[in-house]
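K.L.:
Structure file final_1.cif, mmCIF, C-alpha atoms, is pasted below:
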```cif
data_structure
#
loop_
_atom_site.label_atom_id
_atom_site.label_comp_id
_atom_site.auth_asym_id
_atom_site.auth_seq_id
_atom_site.Cartn_x
_atom_site.Cartn_y
_atom_site.Cartn_z
CA MET A 1 50.70 35.94 17.67
CA GLN A 2 51.12 34.02 20.86
CA VAL A 3 49.20 31.00 22.03
CA GLY A 4 47.15 30.89 18.83
CA ASP A 5 45.32 34.20 19.38
CA TYR A 6 45.28 35.54 15.84
CA THR A 7 43.38 38.69 16.87
CA LYS A 8 46.42 40.26 18.57
CA PHE A 9 49.99 40.80 17.51
CA ILE A 10 52.07 40.73 20.69
CA MET A 11 55.39 42.54 20.60
CA GLN A 12 58.56 41.84 22.55
CA ASN A 13 57.85 44.65 25.00
CA GLY A 14 54.50 43.05 25.95
CA GLY A 15 52.44 45.60 24.05
CA TYR A 16 50.07 44.47 21.37
CA VAL A 17 47.96 45.71 18.51
CA SER A 18 44.79 44.27 17.11
CA THR A 19 45.09 42.38 13.84
CA THR A 20 41.44 42.92 12.95
CA ASP A 21 39.61 45.91 11.52
CA ARG A 22 36.95 45.57 14.23
CA SER A 23 39.22 46.55 17.12
CA ASN A 24 41.23 49.69 17.80
CA ASP A 25 43.36 48.05 20.54
CA GLY A 26 46.92 49.35 20.33
CA TRP A 27 46.09 51.75 17.50
CA GLU A 28 45.06 54.66 19.73
CA ASP A 29 46.43 58.18 19.31
CA GLU A 30 49.73 58.92 21.02
CA GLU A 31 51.23 62.26 21.93
CA GLU A 32 53.45 62.42 18.85
CA ILE A 33 51.37 60.47 16.31
CA THR A 34 47.73 59.87 15.59
CA GLY A 35 46.22 56.43 15.46
CA ALA A 36 45.30 57.02 11.82
CA THR A 37 48.93 57.77 10.92
CA LYS A 38 50.14 54.73 12.87
CA ARG A 39 47.65 52.55 11.01
CA ALA A 40 48.65 54.04 7.65
CA ILE A 41 52.29 53.19 8.28
CA TYR A 42 52.17 49.98 10.31
CA TRP A 43 48.98 48.22 9.16
CA PRO A 44 50.46 47.17 5.79
CA LEU A 45 53.66 46.03 7.54
CA LEU A 46 51.70 44.07 10.13
CA HIS A 47 49.84 42.24 7.42
CA ARG A 48 53.10 41.46 5.66
CA VAL A 49 54.47 39.99 8.91
CA LEU A 50 51.33 37.88 9.26
CA ASN A 51 51.11 36.79 5.61
CA GLU A 52 54.77 36.48 4.66
CA ILE A 53 56.31 35.24 7.91
CA LEU A 54 53.93 33.95 10.59
CA ASN A 55 51.40 32.18 8.38
CA PRO A 56 54.15 30.26 6.51
CA ILE A 57 55.70 29.26 9.83
CA VAL A 58 52.33 27.88 10.97
CA GLN A 59 51.58 26.26 7.58
CA MET A 60 54.99 24.58 7.45
CA GLY A 61 54.65 23.48 11.06
CA LEU A 62 58.19 24.58 11.86
CA SER A 63 59.67 22.89 14.89
CA TYR A 64 61.53 24.71 17.63
CA GLU A 65 64.84 23.66 16.03
CA GLU A 66 63.78 25.01 12.66
CA ILE A 67 62.75 28.34 14.18
CA VAL A 68 66.15 28.55 15.87
CA ALA A 69 67.77 27.86 12.48
CA LEU A 70 65.55 30.50 10.86
CA LYS A 71 66.67 33.05 13.45
CA ALA A 72 70.30 32.11 12.86
CA PHE A 73 69.92 32.44 9.07
CA VAL A 74 68.35 35.87 9.55
CA CYS A 75 71.11 36.99 11.93
CA TYR A 76 73.98 35.75 9.77
CA ARG A 77 72.51 36.88 6.45
CA GLY A 78 71.43 40.21 7.93
CA THR A 79 74.96 41.08 9.05
CA MET A 80 76.69 40.48 5.71
CA GLY A 81 76.23 44.08 4.59
CA ASP A 82 77.37 45.49 7.93
CA ILE A 83 80.71 43.76 8.33
CA HIS A 84 83.98 44.19 6.51
CA ARG A 85 84.48 41.84 3.56
CA ASN A 86 87.27 40.11 5.50
CA GLY A 87 84.57 38.75 7.82
CA HIS A 88 82.37 37.41 5.02
CA GLY A 89 84.23 34.10 4.94
CA PHE A 90 83.48 33.55 8.62
CA ILE A 91 79.77 34.24 8.08
CA LYS A 92 79.66 31.97 5.01
CA ASP A 93 81.31 29.18 7.03
CA ARG A 94 78.68 29.56 9.76
CA LEU A 95 75.90 29.51 7.15
CA ASN A 96 77.35 26.32 5.67
CA GLN A 97 77.54 24.75 9.13
CA LEU A 98 73.95 25.76 9.73
CA ASN A 99 72.88 24.19 6.42
CA CYS A 100 74.65 20.95 7.35
CA ALA A 101 73.15 20.89 10.84
CA LEU A 102 69.67 21.45 9.43
CA ALA A 103 70.18 18.71 6.82
CA GLN A 104 71.27 16.33 9.58
CA TYR A 105 68.22 17.29 11.66
CA TYR A 106 65.94 16.53 8.71
CA HIS A 107 67.66 13.22 8.07
CA GLU A 108 67.38 12.17 11.73
CA HIS A 109 63.68 13.10 11.83
CA ASN A 110 62.80 11.65 8.41
CA LEU A 111 61.74 15.04 7.07
CA PRO A 112 62.17 16.15 3.45
CA GLY A 113 65.46 17.94 2.87
CA ASP A 114 63.84 20.64 0.74
CA ARG A 115 62.60 22.21 3.96
CA THR A 116 66.08 23.75 4.25
CA GLY A 117 65.34 25.78 1.14
CA GLN A 118 61.96 26.78 2.51
CA VAL A 119 63.57 27.99 5.74
CA ILE A 120 66.20 29.97 3.78
CA LEU A 121 63.48 31.53 1.58
CA LEU A 122 61.53 32.41 4.70
CA SER A 123 64.63 34.13 6.10
CA SER A 124 64.59 36.34 2.98
CA SER A 125 61.01 37.34 3.77
CA VAL A 126 61.98 38.14 7.36
CA LEU A 127 64.90 40.30 6.20
CA GLU A 128 62.79 42.16 3.62
CA VAL A 129 59.87 42.84 5.97
CA SER A 130 62.22 43.91 8.78
CA HIS A 131 63.96 46.32 6.40
CA ASP A 132 60.59 47.81 5.45
CA PHE A 133 59.64 47.95 9.14
CA VAL A 134 62.75 50.03 9.88
CA LEU A 135 61.76 52.36 7.04
CA GLY A 136 58.32 52.65 8.63
CA HIS A 137 59.94 53.69 11.91
CA HIS A 138 61.85 56.38 10.04
CA GLN A 139 58.54 57.62 8.61
CA VAL A 140 57.12 57.85 12.14
CA ASP A 141 60.20 59.80 13.25
CA PHE A 142 59.68 62.08 10.25
CA PHE A 143 56.09 62.75 11.33
CA LYS A 144 57.27 63.43 14.86
CA LEU A 145 59.72 66.01 13.50
CA TRP A 146 56.90 67.67 11.59
CA GLY A 147 54.86 67.78 14.79
CA LEU A 148 57.74 69.55 16.48
CA ASP A 149 58.06 71.96 13.56
CA SER A 150 54.34 72.70 13.83
CA LEU A 151 54.73 73.58 17.52
CA LEU A 152 57.69 75.82 16.76
CA VAL A 153 55.72 77.64 14.05
CA GLN A 154 52.82 78.14 16.49
CA MET A 155 55.22 79.52 19.10
CA LEU A 156 56.84 81.89 16.60
CA HIS A 157 53.44 83.13 15.42
CA HIS A 158 52.26 83.63 18.99
CA TYR A 159 55.35 85.50 20.20
CA GLY A 160 55.92 87.28 16.91
CA LYS A 161 52.60 89.18 17.21
CA HIS A 162 53.47 90.82 20.53
#
```
Just give me the structure of the file as structure tokens.

P.N.:
Amino acid sequence: MQVGDYTKFIMQNGGYVSTTDRSNDGWEDEEEITGATKRAIYWPLLHRVLNEILNPIVQMGLSYEEIVALKAFVCYRGTMGDIHRNGHGFIKDRLNQLNCALAQYYHEHNLPGDRTGQVILLSSSVLEVSHDFVLGHHQVDFFKLWGLDSLLVQMLHHYGKH
């Protein structure tokens, strides 16, 4: 959602999909996957991104600094499971520094300090939805494999009859 156009979800690569039922933009069939299958997998995830991440960001009126902090929380918290436990102390120190910096920002701008908790909770939503999004990609890859299997079966049937 860029520049307040809530009818399109614009991705990092510049592509977009419609966020309304009335438009099929971005949901067209592709070589490896039908539009219906894409919608079945990604539509629920898209709505989770809108409802659990983007709408709260808009409702809270997060500033640029808070969005940077949100991204940092997501990055640091998202790496905890991927690094050796010896590195956990480093990540926890950075998270504590981030908490302190955000608290100072709120103090300097006369904003309620409980926004820190809201940003941290929002980072949990980002991590959960992104995890489910990765699972959705694996489902798409699974369908692509089945498409390949279908082509191989057709080839075997065709050449097996001769």

K.L.:
Of the residues A:His107, A:Phe133, A:Val119, A:Lys71, which is the one nearest to Trp43 (chain A), using all atoms listed in the file?

P.N.:
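Comparing A:His107, A:Phe133, A:Val119, A:Lys71 against Trp43 (chain A), the winner is A:Phe133.
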
K.L.:
Please write the residues picked by the PyMOL selection byres ((chain A and resi 70) around 8) on this file as a list in words.

P.N.:
Glu66, Ile67, Val68, Ala69, Lys71, Ala72, Phe73, Val74, Val119, Ile120, Leu122 and Ser123 of chain A

K.L.:
Restricting the calculation to all atoms listed in the file: of A:Glu52, A:Asp21, A:Asp93, A:Glu30, which residue gets closest to Ser130 (chain A)?

P.N.:
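So, comparing all the options, the nearest one is A:Glu52.
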
K.L.:
When you count all atoms listed in the file, which of these residues is closest to Asp132 (chain A): A:Cys75, A:Leu45, A:Ile10, A:Ile33?

P.N.:
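Closest to Asp132 (chain A) of all the choices is A:Leu45.
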
K.L.:
Which residue is closest to Leu54 (chain A)? Choose from A:Phe9, A:Tyr106, A:Phe90, A:Tyr16 and count all atoms listed in the file.

P.N.:
A:Phe9

K.L.:
What is the distance between CA of Gly87 (chain A) and CA of Ala103 (chain A), in Å to one decimal?

P.N.:
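So the answer is 24.7 Å.
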
K.L.:
By how many Å are CA of Thr19 (chain A) and CA of Lys38 (chain A) apart?

P.N.:
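Straight-line distance from CA of Thr19 (chain A) to CA of Lys38 (chain A) works out to 13.4 Å.
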
K.L.:
Would you work out the distance separating CA of Asp114 (chain A) from CA of Cys100 (chain A), expressed in Å to one decimal?

P.N.:
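Distance between the two atoms: 12.7 Å.
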
K.L.:
Might I get the box with edges along x, y and z of the file that holds all atoms of region 13-26 of chain A listed there, padded by 6 Å on every side, given as centre and edge lengths in Å to one decimal, as JSON?

P.N.:
```
{"center_x": 47.4, "center_y": 46.0, "center_z": 18.7, "size_x": 32.9, "size_y": 19.3, "size_z": 26.4}
```

K.L.:
Out of A:Ser23, A:Gln104, A:Gln59, A:Thr79, which residue has the shortest atom-to-atom distance to Lys92 (chain A) when counting only C-alpha atoms?

P.N.:
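Among the listed residues, A:Thr79 lies closest to Lys92 (chain A).
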
K.L.:
Which of these residues is nearest to Tyr42 (chain A), using all atoms listed in the file: A:Leu135, A:Asn13, A:Leu111, A:Tyr105?

P.N.:
A:Leu135
